[in-house]
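Q: Quick one, upload.cif (mmCIF, C-alpha atoms):
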data_data
loop_
_atom_site.group_PDB
_atom_site.id
_atom_site.type_symbol
_atom_site.label_atom_id
_atom_site.label_comp_id
_atom_site.auth_asym_id
_atom_site.auth_seq_id
_atom_site.Cartn_x
_atom_site.Cartn_y
_atom_site.Cartn_z
ATOM 1 C CA MET A 1 4.218 -0.908 -13.175
ATOM 2 C CA ARG A 2 6.530 -3.218 -11.310
ATOM 3 C CA ARG A 3 6.189 -6.759 -12.584
ATOM 4 C CA PRO A 4 5.053 -9.549 -10.254
ATOM 5 C CA TRP A 5 7.784 -11.468 -8.473
ATOM 6 C CA LEU A 6 6.802 -14.720 -10.174
ATOM 7 C CA GLY A 7 4.719 -15.874 -7.215
ATOM 8 C CA LEU A 8 6.760 -16.350 -4.041
ATOM 9 C CA ILE A 9 9.868 -16.163 -6.245
ATOM 10 C CA ALA A 10 9.494 -19.893 -6.745
ATOM 11 C CA GLY A 11 8.770 -19.746 -10.445
ATOM 12 C CA LEU A 12 11.138 -20.361 -13.307
ATOM 13 C CA ILE A 13 14.194 -18.125 -13.573
ATOM 14 C CA ILE A 14 15.458 -18.830 -17.044
ATOM 15 C CA GLY A 15 14.638 -22.478 -16.684
ATOM 16 C CA THR A 16 15.916 -22.538 -13.104
ATOM 17 C CA THR A 17 13.596 -23.057 -10.148
ATOM 18 C CA LEU A 18 14.058 -20.747 -7.195
ATOM 19 C CA THR A 19 13.154 -22.550 -3.992
ATOM 20 C CA VAL A 20 11.884 -20.387 -1.138
ATOM 21 C CA VAL A 21 13.234 -21.783 2.102
ATOM 22 C CA GLY A 22 13.193 -18.712 4.323
ATOM 23 C CA GLY A 23 10.484 -17.283 6.515
ATOM 24 C CA GLY A 24 8.633 -13.992 6.215
ATOM 25 C CA SER A 25 5.195 -12.806 5.184
ATOM 26 C CA LEU A 26 3.834 -12.188 1.708
ATOM 27 C CA ASN A 27 4.191 -8.680 0.332
ATOM 28 C CA GLY A 28 1.948 -6.884 -2.154
ATOM 29 C CA GLN A 29 3.700 -8.452 -5.147
ATOM 30 C CA GLY A 30 3.026 -11.999 -3.928
ATOM 31 C CA ALA A 31 6.614 -12.487 -2.748
ATOM 32 C CA ARG A 32 7.845 -13.320 0.708
ATOM 33 C CA SER A 33 9.098 -10.132 2.319
ATOM 34 C CA THR A 34 12.638 -10.347 3.627
ATOM 35 C CA LYS A 35 12.537 -6.969 5.356
ATOM 36 C CA THR A 36 14.082 -7.152 8.789
ATOM 37 C CA GLN A 37 14.350 -4.889 11.793
ATOM 38 C CA GLU A 38 18.125 -5.115 11.676
ATOM 39 C CA PRO A 39 19.197 -1.545 12.542
ATOM 40 C CA VAL A 40 22.273 -1.490 10.295
ATOM 41 C CA VAL A 41 20.252 -2.064 7.113
ATOM 42 C CA THR A 42 19.341 1.191 5.368
ATOM 43 C CA PRO A 43 18.084 2.008 1.854
ATOM 44 C CA VAL A 44 20.464 3.038 -0.873
ATOM 45 C CA ALA A 45 20.227 6.790 -1.374
ATOM 46 C CA GLY A 46 21.424 9.638 -3.527
ATOM 47 C CA ALA A 47 23.465 9.942 -6.669
ATOM 48 C CA SER A 48 25.806 7.262 -7.944
ATOM 49 C CA TRP A 49 29.505 7.566 -7.205
ATOM 50 C CA LEU A 50 30.185 8.371 -10.863
ATOM 51 C CA ASN A 51 27.720 11.266 -10.771
ATOM 52 C CA ARG A 52 29.166 12.542 -7.502
ATOM 53 C CA LEU A 53 32.578 12.619 -9.173
ATOM 54 C CA GLY A 54 31.156 14.191 -12.335
ATOM 55 C CA LEU A 55 32.329 11.255 -14.460
ATOM 56 C CA THR A 56 30.603 9.514 -17.327
ATOM 57 C CA TYR A 57 30.752 5.777 -17.810
ATOM 58 C CA ARG A 58 33.173 6.175 -20.720
ATOM 59 C CA GLU A 59 35.656 8.224 -18.692
ATOM 60 C CA THR A 60 36.475 5.740 -15.959
ATOM 61 C CA SER A 61 37.145 2.146 -15.013
ATOM 62 C CA LEU A 62 35.288 2.523 -11.717
ATOM 63 C CA GLY A 63 32.686 -0.196 -11.360
ATOM 64 C CA ARG A 64 34.061 -2.259 -14.219
ATOM 65 C CA GLY A 65 37.316 -3.675 -12.897
ATOM 66 C CA GLY A 66 35.975 -7.107 -12.048
ATOM 67 C CA ALA A 67 33.648 -7.621 -14.990
ATOM 68 C CA ARG A 68 33.411 -8.887 -18.507
ATOM 69 C CA TYR A 69 30.916 -8.199 -21.277
ATOM 70 C CA GLY A 70 28.176 -10.439 -22.508
ATOM 71 C CA PRO A 71 28.026 -11.618 -26.131
ATOM 72 C CA PRO A 72 26.279 -9.347 -28.633
ATOM 73 C CA PRO A 73 23.462 -10.807 -30.736
ATOM 74 C CA ALA A 74 24.951 -12.340 -33.870
ATOM 75 C CA PRO A 75 23.932 -11.370 -36.435
ATOM 76 C CA PRO A 76 22.161 -8.081 -35.455
ATOM 77 C CA THR A 77 18.425 -8.693 -35.438
ATOM 78 C CA TYR A 78 15.361 -6.550 -36.002
ATOM 79 C CA GLY A 79 11.779 -7.014 -34.869
ATOM 80 C CA GLN A 80 10.877 -9.099 -31.837
ATOM 81 C CA PRO A 81 13.545 -9.676 -29.167
ATOM 82 C CA PRO A 82 15.429 -12.957 -29.285
ATOM 83 C CA THR A 83 13.929 -15.706 -27.146
ATOM 84 C CA GLN A 84 17.219 -17.366 -26.258
ATOM 85 C CA ARG A 85 19.102 -15.843 -23.357
ATOM 86 C CA PRO A 86 22.901 -15.572 -23.380
ATOM 87 C CA SER A 87 23.338 -18.149 -20.634
ATOM 88 C CA GLN A 88 21.619 -19.633 -17.615
ATOM 89 C CA PRO A 89 22.337 -19.209 -13.926
ATOM 90 C CA SER A 90 23.032 -22.168 -11.698
ATOM 91 C CA ALA A 91 20.271 -24.723 -11.185
ATOM 92 C CA ALA A 92 20.995 -24.880 -7.444
ATOM 93 C CA PRO A 93 18.063 -23.881 -5.212
ATOM 94 C CA LEU A 94 18.474 -20.432 -3.697
ATOM 95 C CA PRO A 95 18.120 -20.113 0.104
ATOM 96 C CA ILE A 96 15.730 -17.166 -0.064
ATOM 97 C CA GLY A 97 15.532 -15.190 3.159
ATOM 98 C CA ARG A 98 17.944 -17.266 5.210
ATOM 99 C CA PRO A 99 20.861 -15.771 7.121
ATOM 100 C CA VAL A 100 24.114 -16.174 5.223
ATOM 101 C CA VAL A 101 27.728 -16.596 6.258
ATOM 102 C CA LEU A 102 30.137 -14.238 4.501
ATOM 103 C CA SER A 103 33.884 -14.715 4.476
ATOM 104 C CA GLY A 104 36.359 -11.907 3.996
ATOM 105 C CA ALA A 105 36.688 -13.059 0.384
ATOM 106 C CA ASP A 106 32.915 -12.675 -0.042
ATOM 107 C CA LEU A 107 32.986 -9.178 1.430
ATOM 108 C CA TYR A 108 35.780 -8.296 -0.978
ATOM 109 C CA ARG A 109 33.783 -9.552 -3.977
ATOM 110 C CA LEU A 110 30.682 -7.634 -2.958
ATOM 111 C CA ASN A 111 32.346 -4.362 -1.981
ATOM 112 C CA CYS A 112 35.742 -4.054 -3.685
ATOM 113 C CA GLN A 113 36.146 -6.278 -6.733
ATOM 114 C CA SER A 114 34.112 -4.106 -9.109
ATOM 115 C CA CYS A 115 36.938 -1.542 -8.991
ATOM 116 C CA HIS A 116 40.030 -3.319 -7.664
ATOM 117 C CA ARG A 117 39.658 -6.580 -9.618
ATOM 118 C CA ALA A 118 39.863 -10.064 -8.137
ATOM 119 C CA GLU A 119 43.637 -9.748 -7.771
ATOM 120 C CA GLY A 120 43.463 -6.454 -5.856
ATOM 121 C CA THR A 121 45.631 -4.732 -8.463
ATOM 122 C CA GLY A 122 43.063 -2.155 -9.582
ATOM 123 C CA SER A 123 43.477 -0.257 -12.866
ATOM 124 C CA PRO A 124 46.479 2.064 -12.431
ATOM 125 C CA PRO A 125 46.877 4.970 -12.543
ATOM 126 C CA GLU A 126 43.182 5.679 -11.924
ATOM 127 C CA ILE A 127 42.446 2.863 -9.479
ATOM 128 C CA LYS A 128 45.340 1.989 -7.218
ATOM 129 C CA SER A 129 46.251 -1.468 -6.051
ATOM 130 C CA VAL A 130 45.157 -2.352 -2.528
ATOM 131 C CA LEU A 131 48.128 -4.678 -2.087
ATOM 132 C CA GLY A 132 50.648 -1.967 -1.277
ATOM 133 C CA LEU A 133 48.445 -0.513 1.454
ATOM 134 C CA VAL A 134 48.036 -3.945 2.998
ATOM 135 C CA GLU A 135 51.749 -4.684 2.809
ATOM 136 C CA GLY A 136 52.422 -1.395 4.604
ATOM 137 C CA SER A 137 50.379 -2.651 7.559
ATOM 138 C CA SER A 138 52.317 -5.911 7.815
ATOM 139 C CA LEU A 139 54.433 -5.855 10.969
ATOM 140 C CA GLU A 140 56.835 -8.404 9.498
ATOM 141 C CA LEU A 141 57.438 -6.349 6.340
ATOM 142 C CA VAL A 142 57.836 -3.127 8.314
ATOM 143 C CA ARG A 143 60.374 -4.828 10.578
ATOM 144 C CA GLN A 144 62.331 -6.006 7.561
ATOM 145 C CA HIS A 145 62.246 -2.520 6.055
ATOM 146 C CA LEU A 146 63.407 -0.834 9.257
ATOM 147 C CA GLN A 147 65.869 -3.628 10.016
ATOM 148 C CA THR A 148 64.740 -3.682 13.615
ATOM 149 C CA GLY A 149 67.114 -4.972 16.264
ATOM 150 C CA THR A 150 66.644 -2.862 19.366
ATOM 151 C CA ALA A 151 63.575 -2.610 21.541
ATOM 152 C CA ALA A 152 63.044 0.971 20.361
ATOM 153 C CA SER A 153 63.154 -0.005 16.690
ATOM 154 C CA ARG A 154 60.754 -2.887 17.271
ATOM 155 C CA SER A 155 58.380 -0.491 19.002
ATOM 156 C CA ALA A 156 58.668 1.927 16.074
ATOM 157 C CA ALA A 157 57.865 -0.879 13.624
ATOM 158 C CA GLN A 158 54.799 -1.848 15.631
ATOM 159 C CA ALA A 159 53.601 1.766 15.713
ATOM 160 C CA GLN A 160 54.134 2.202 11.959
ATOM 161 C CA ALA A 161 52.273 -0.990 11.075
ATOM 162 C CA THR A 162 49.422 -0.040 13.411
ATOM 163 C CA ARG A 163 49.131 3.424 11.821
ATOM 164 C CA ALA A 164 49.066 1.899 8.352
ATOM 165 C CA ARG A 165 46.274 -0.495 9.339
ATOM 166 C CA THR A 166 44.307 2.321 10.983
ATOM 167 C CA ASP A 167 44.684 4.435 7.843
ATOM 168 C CA LEU A 168 43.479 1.543 5.703
ATOM 169 C CA TYR A 169 40.402 1.034 7.889
ATOM 170 C CA ARG A 170 39.648 4.749 7.704
ATOM 171 C CA ARG A 171 40.075 4.716 3.934
ATOM 172 C CA ILE A 172 37.571 1.883 3.604
ATOM 173 C CA GLN A 173 35.021 3.598 5.834
ATOM 174 C CA LYS A 174 35.476 7.198 4.666
ATOM 175 C CA GLY A 175 36.638 6.715 1.068
ATOM 176 C CA GLY A 176 39.187 8.775 -0.801
ATOM 177 C CA GLN A 177 39.585 11.086 -3.781
ATOM 178 C CA ARG A 178 38.050 8.581 -6.183
ATOM 179 C CA MET A 179 37.157 5.783 -3.782
ATOM 180 C CA PRO A 180 33.581 5.737 -2.461
ATOM 181 C CA ALA A 181 33.052 5.493 1.269
ATOM 182 C CA LEU A 182 31.849 2.041 2.319
ATOM 183 C CA ALA A 183 29.972 3.484 5.261
ATOM 184 C CA HIS A 184 27.606 0.498 5.411
ATOM 185 C CA LEU A 185 30.477 -1.732 6.576
ATOM 186 C CA GLN A 186 30.760 -2.335 10.295
ATOM 187 C CA GLU A 187 34.151 -2.667 11.961
ATOM 188 C CA ALA A 188 33.697 -6.441 12.211
ATOM 189 C CA ASP A 189 33.078 -6.503 8.437
ATOM 190 C CA ILE A 190 36.317 -4.619 7.863
ATOM 191 C CA ASP A 191 38.155 -6.975 10.218
ATOM 192 C CA ALA A 192 37.082 -9.905 8.038
ATOM 193 C CA LEU A 193 37.854 -7.970 4.864
ATOM 194 C CA TYR A 194 41.301 -6.996 6.133
ATOM 195 C CA ALA A 195 42.114 -10.586 7.071
ATOM 196 C CA TYR A 196 41.356 -11.631 3.496
ATOM 197 C CA LEU A 197 43.397 -8.751 2.065
ATOM 198 C CA THR A 198 46.470 -9.879 4.020
ATOM 199 C CA GLN A 199 46.139 -13.276 2.365
ATOM 200 C CA LEU A 200 45.514 -11.699 -1.043
ATOM 201 C CA ALA A 201 48.708 -9.691 -0.581
ATOM 202 C CA ARG A 202 50.480 -12.878 0.547
ATOM 203 C CA SER A 203 51.758 -11.242 3.699
ATOM 204 C CA SER A 204 54.073 -13.478 5.682
ATOM 205 C CA ASP A 205 52.078 -12.639 8.806
ATOM 206 C CA ALA A 206 48.656 -12.894 7.139
ATOM 207 C CA SER A 207 45.680 -12.923 9.481
ATOM 208 C CA PRO A 208 43.468 -16.011 9.791
ATOM 209 C CA GLN A 209 40.215 -15.871 7.852
ATOM 210 C CA LEU A 210 37.154 -14.484 9.614
ATOM 211 C CA ARG A 211 33.477 -15.017 8.818
ATOM 212 C CA ARG A 212 30.356 -12.953 9.399
ATOM 213 C CA THR A 213 26.817 -14.296 9.787
ATOM 214 C CA THR A 214 24.417 -11.728 8.399
ATOM 215 C CA SER A 215 20.826 -11.354 7.307
ATOM 216 C CA TRP A 216 19.420 -11.772 3.816
ATOM 217 C CA ALA A 217 18.613 -8.059 3.689
ATOM 218 C CA ARG A 218 22.152 -7.202 4.722
ATOM 219 C CA LEU A 219 23.511 -9.404 1.926
ATOM 220 C CA GLY A 220 21.476 -7.418 -0.593
ATOM 221 C CA GLU A 221 22.699 -4.178 0.947
ATOM 222 C CA HIS A 222 26.319 -5.239 0.412
ATOM 223 C CA VAL A 223 25.703 -5.957 -3.283
ATOM 224 C CA VAL A 224 23.762 -2.780 -3.998
ATOM 225 C CA LYS A 225 25.882 -0.328 -2.021
ATOM 226 C CA GLY A 226 29.233 -2.027 -2.594
ATOM 227 C CA THR A 227 28.853 -2.680 -6.331
ATOM 228 C CA CYS A 228 25.748 -1.342 -8.073
ATOM 229 C CA HIS A 229 25.581 2.158 -6.555
ATOM 230 C CA ILE A 230 28.925 3.034 -8.105
ATOM 231 C CA CYS A 231 27.152 3.489 -11.448
ATOM 232 C CA HIS A 232 23.398 3.622 -10.697
ATOM 233 C CA ASP A 233 21.620 6.520 -8.991
ATOM 234 C CA ALA A 234 19.137 5.550 -6.308
ATOM 235 C CA VAL A 235 16.248 7.438 -7.912
ATOM 236 C CA GLY A 236 15.784 9.605 -10.970
ATOM 237 C CA PRO A 237 13.942 10.049 -14.260
ATOM 238 C CA ARG A 238 13.738 7.321 -16.841
ATOM 239 C CA PRO A 239 16.449 7.857 -19.495
ATOM 240 C CA SER A 240 15.217 8.017 -23.073
ATOM 241 C CA GLY A 241 16.271 5.412 -25.594
ATOM 242 C CA GLU A 242 18.526 7.981 -27.250
ATOM 243 C CA ALA A 243 20.153 8.843 -23.915
ATOM 244 C CA LEU A 244 20.808 5.177 -23.218
ATOM 245 C CA LEU A 245 22.289 4.509 -26.651
ATOM 246 C CA ILE A 246 24.128 7.691 -27.574
ATOM 247 C CA GLN A 247 24.812 9.491 -24.311
ATOM 248 C CA GLY A 248 25.515 6.391 -22.249
ATOM 249 C CA ALA A 249 22.915 7.237 -19.596
ATOM 250 C CA ILE A 250 22.610 4.753 -16.731
ATOM 251 C CA PRO A 251 19.097 4.066 -15.402
ATOM 252 C CA PRO A 252 18.411 4.536 -11.676
ATOM 253 C CA PHE A 253 17.421 1.659 -9.406
ATOM 254 C CA THR A 254 13.784 2.749 -9.407
ATOM 255 C CA THR A 255 13.570 2.350 -13.175
ATOM 256 C CA LEU A 256 15.236 -1.070 -13.014
ATOM 257 C CA LEU A 257 12.630 -2.271 -10.533
ATOM 258 C CA GLU A 258 9.800 -0.999 -12.725
ATOM 259 C CA ASP A 259 11.177 -2.614 -15.871
ATOM 260 C CA LYS A 260 12.628 -5.907 -14.717
ATOM 261 C CA ALA A 261 11.268 -8.907 -12.864
ATOM 262 C CA VAL A 262 13.724 -10.704 -10.623
ATOM 263 C CA ALA A 263 14.459 -13.267 -13.371
ATOM 264 C CA ASP A 264 15.416 -10.566 -15.883
ATOM 265 C CA PHE A 265 17.391 -8.683 -13.260
ATOM 266 C CA LEU A 266 19.411 -11.778 -12.389
ATOM 267 C CA THR A 267 20.097 -12.588 -16.027
ATOM 268 C CA LYS A 268 21.132 -9.024 -16.857
ATOM 269 C CA VAL A 269 23.635 -8.894 -13.991
ATOM 270 C CA ARG A 270 25.155 -12.366 -14.265
ATOM 271 C CA SER A 271 24.842 -13.220 -17.953
ATOM 272 C CA GLY A 272 24.205 -10.019 -19.870
ATOM 273 C CA ALA A 273 21.249 -9.205 -22.094
ATOM 274 C CA PRO A 274 20.660 -7.244 -25.307
ATOM 275 C CA VAL A 275 19.247 -3.735 -24.981
ATOM 276 C CA MET A 276 16.133 -2.926 -27.016
ATOM 277 C CA THR A 277 15.731 0.282 -28.975
ATOM 278 C CA ARG A 278 12.726 1.510 -30.896
ATOM 279 C CA ASP A 279 12.048 3.014 -34.292
ATOM 280 C CA PRO A 280 13.363 0.778 -35.698
ATOM 281 C CA VAL A 281 13.573 -1.987 -33.137
ATOM 282 C CA PHE A 282 17.176 -3.142 -32.855
ATOM 283 C CA HIS A 283 18.916 -5.389 -30.366
ATOM 284 C CA TYR A 284 22.453 -4.769 -29.268
ATOM 285 C CA ARG A 285 24.609 -5.692 -26.314
ATOM 286 C CA GLY A 286 24.273 -3.173 -23.513
ATOM 287 C CA ARG A 287 27.104 -1.249 -21.927
ATOM 288 C CA MET A 288 26.615 -2.840 -18.543
ATOM 289 C CA PRO A 289 29.407 -5.292 -17.777
ATOM 290 C CA VAL A 290 28.527 -8.840 -16.811
ATOM 291 C CA LEU A 291 29.228 -9.419 -13.117
ATOM 292 C CA SER A 292 29.555 -13.169 -13.371
ATOM 293 C CA TYR A 293 31.568 -13.297 -10.141
ATOM 294 C CA LEU A 294 28.377 -12.504 -8.214
ATOM 295 C CA GLN A 295 26.320 -15.534 -7.220
ATOM 296 C CA ASP A 296 22.649 -16.057 -8.081
ATOM 297 C CA VAL A 297 21.661 -15.803 -4.438
ATOM 298 C CA GLU A 298 23.534 -12.506 -4.054
ATOM 299 C CA VAL A 299 21.860 -10.903 -7.074
ATOM 300 C CA ALA A 300 18.428 -12.103 -5.924
ATOM 301 C CA ALA A 301 19.134 -10.639 -2.484
ATOM 302 C CA ALA A 302 20.066 -7.313 -4.106
ATOM 303 C CA TYR A 303 16.755 -7.202 -5.992
ATOM 304 C CA MET A 304 14.726 -7.997 -2.900
ATOM 305 C CA PHE A 305 16.687 -5.435 -0.867
ATOM 306 C CA LEU A 306 15.727 -2.741 -3.390
ATOM 307 C CA VAL A 307 12.067 -3.728 -3.123
ATOM 308 C CA ASP A 308 11.937 -4.058 0.661
ATOM 309 C CA TYR A 309 14.076 -0.955 1.261
ATOM 310 C CA PRO A 310 12.993 1.427 -1.544
ATOM 311 C CA PRO A 311 15.783 3.677 -2.858
ATOM 312 C CA GLN A 312 15.746 7.257 -1.593
ATOM 313 C CA ALA A 313 16.654 10.591 -3.154
ATOM 314 C CA GLY A 314 18.698 11.894 -0.219
ATOM 315 C CA ASP A 315 21.029 10.329 2.297
ATOM 316 C CA SER A 316 19.316 7.634 4.339
ATOM 317 C CA LYS A 317 19.491 7.334 8.098
ATOM 318 C CA PRO A 318 19.736 4.138 10.158
ATOM 319 C CA ARG A 319 16.419 2.740 11.257
#
What is this file in structure tokens?

A:
Amino acid sequence: MRRPWLGLIAGLIIGTTLTVVGGGSLNGQGARSTKTQEPVVTPVAGASWLNRLGLTYRETSLGRGGARYGPPPAPPTYGQPPTQRPSQPSAAPLPIGRPVVLSGADLYRLNCQSCHRAEGTGSPPEIKSVLGLVEGSSLELVRQHLQTGTAASRSAAQAQATRARTDLYRRIQKGGQRMPALAHLQEADIDALYAYLTQLARSSDASPQLRRTTSWARLGEHVVKGTCHICHDAVGPRPSGEALLIQGAIPPFTTLLEDKAVADFLTKVRSGAPVMTRDPVFHYRGRMPVLSYLQDVEVAAAYMFLVDYPPQAGDSKPR
């Protein structure tokens, strides 16, 4: 059974109090529902990107480019799980349910960093850098490359830069050979993301930063679809302990919700946690990388998004 949400999600999260400051009604688990009627918010659905590509976790850097790994228990322990957690999230109160303002840098963290790293360099040759694509859309750099002087050459430079930007937008929305489609992003999201990428690439004609005000549910959607769904299926059977340990199986979102309260979910994502095995009981550091660049509020939003918008087996449709 799914564990309670620690009563209004205002209980202790690893010694940290979550303060509920948003509106909403109570759901069946005793938590304030953050489900909205926002039409762009849809459940996560279908197989993970790794499974769609036919890749195992060991065969790729997808989903792991912006992460580190939590500390293993030292020394290895047997019996009851350790009571001390690897680390604690921030003690700052979390604005549960409130609208949030996302910058282009935030959108990059939530949707791109898990593969392309904070620097945008990726993991060549498998994961290409985004910087070259952005530089190709810079009108100033294209002009320098073409050595424009006449009106015709300036027009050609403008057309080339515009095509490059259009191609980049399409790539973000539709994906590529190994890049998942970020179909949940609206054009205004990509505008803000692109503006940040021009600054990340240090373009001489970088765009000014843009910000997007979005709902709490939408924030969770960004985290789940932009980061977590790369590795985790939406639904599926519970992997056995042997499959988790030896075969590197990755549990689906539905299993995570059944097994983890929001406090454990937050700790697992941001700090790492040992994985338990049975017969004999042994604790070891899991394969999941620690996504410490995600904020407490973003991980909590992801958990609540999965509860309020239950994962689906097939492709979801806008509501």

Q: Written as a list in words, what is the full residue list that the PyMOL selection byres ((chain A and resi 121) around 12) yields on the file shown?

A: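 Evaluating the PyMOL selection byres ((chain A and resi 121) around 12) on this file yields Gly65, Gly66, Cys112, Gln113, Ser114, Cys115, His116, Arg117, Ala118, Glu119, Gly120, Gly122, Ser123, Pro124, Pro125, Glu126, Ile127, Lys128, Ser129, Val130, Leu131, Gly132, Leu133, Val134, Leu197, Leu200 and Ala201 of chain A.
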
Q: How far is it from atom CA of A:Ser61 to atom CA of A:Thr166, in Å with one decimal?

A: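 Straight-line distance from atom CA of A:Ser61 to atom CA of A:Thr166 works out to 27.0 Å.
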
Q: Can you tell me, as a list in words, what residues are no more than 10 Å from stretch 233-235 of chain A when counting all atoms listed in the file, ignoring any on the same chain fewer than 5 positions away?

A: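 Everything that qualifies: Pro43, Val44, Ala45, Gly46, Ala47, Ser48, Trp49, Leu50, Asn51, Arg52, Val224, Lys225, Cys228, Ile250, Pro251, Pro252, Phe253, Thr254, Thr255, Leu256, Leu306, Pro310, Pro311, Gln312, Ala313 and Gly314 of chain A.
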
Q: Store the residues picked out above, limited to C-alpha atoms, as a compact mmCIF listing (two decimals), in the frame of the given file.

A:
# COMPACT_ATOMS: atom_id res chain seq x y z
CA PRO A 43 18.08 2.01 1.85
CA VAL A 44 20.46 3.04 -0.87
CA ALA A 45 20.23 6.79 -1.37
CA GLY A 46 21.42 9.64 -3.53
CA ALA A 47 23.46 9.94 -6.67
CA SER A 48 25.81 7.26 -7.94
CA TRP A 49 29.50 7.57 -7.20
CA LEU A 50 30.18 8.37 -10.86
CA ASN A 51 27.72 11.27 -10.77
CA ARG A 52 29.17 12.54 -7.50
CA VAL A 224 23.76 -2.78 -4.00
CA LYS A 225 25.88 -0.33 -2.02
CA CYS A 228 25.75 -1.34 -8.07
CA ILE A 250 22.61 4.75 -16.73
CA PRO A 251 19.10 4.07 -15.40
CA PRO A 252 18.41 4.54 -11.68
CA PHE A 253 17.42 1.66 -9.41
CA THR A 254 13.78 2.75 -9.41
CA THR A 255 13.57 2.35 -13.18
CA LEU A 256 15.24 -1.07 -13.01
CA LEU A 306 15.73 -2.74 -3.39
CA PRO A 310 12.99 1.43 -1.54
CA PRO A 311 15.78 3.68 -2.86
CA GLN A 312 15.75 7.26 -1.59
CA ALA A 313 16.65 10.59 -3.15
CA GLY A 314 18.70 11.89 -0.22

Q: Provide the atom CA of A:Thr267 to atom CA of A:Val223 distance in Å, to one decimal place.

A: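 So the answer is 15.4 Å.
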
Q: Would you pick out the contacts of A:Arg171 at 12 Å or less, using all atoms listed in the file, so that residues sharing its chain but fewer than 5 positions from it are not included, and give the list as a PyMOL selection string?

A: chain A and resi 130+133-134+164-166+176-183+185+190+194

Q: What do you get, as a ChimeraX atom specification, if you spell out every residue that the PyMOL selection byres ((chain A and resi 219) around 12) selects here?

A: /A:34-36,38,40-42,96-103,106-107,109-111,184-185,189,212-218,220-227,294-295,297-306

Q: State, in Å with one decimal place, the distance from atom CA of A:Ser271 to atom CA of A:Tyr196.

A: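 So the two atoms, atom CA of A:Ser271 and atom CA of A:Tyr196, lie 27.1 Å apart.
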
Q: Could the centre and edge lengths of an axis-aligned box, enclosing all atoms of stretch 116-133 of chain A in the file with 5 Å extra on each side, be given in Å to one decimal as JSON?

A:
{"center_x": 45.2, "center_y": -2.2, "center_z": -5.7, "size_x": 21.0, "size_y": 25.7, "size_z": 24.3}
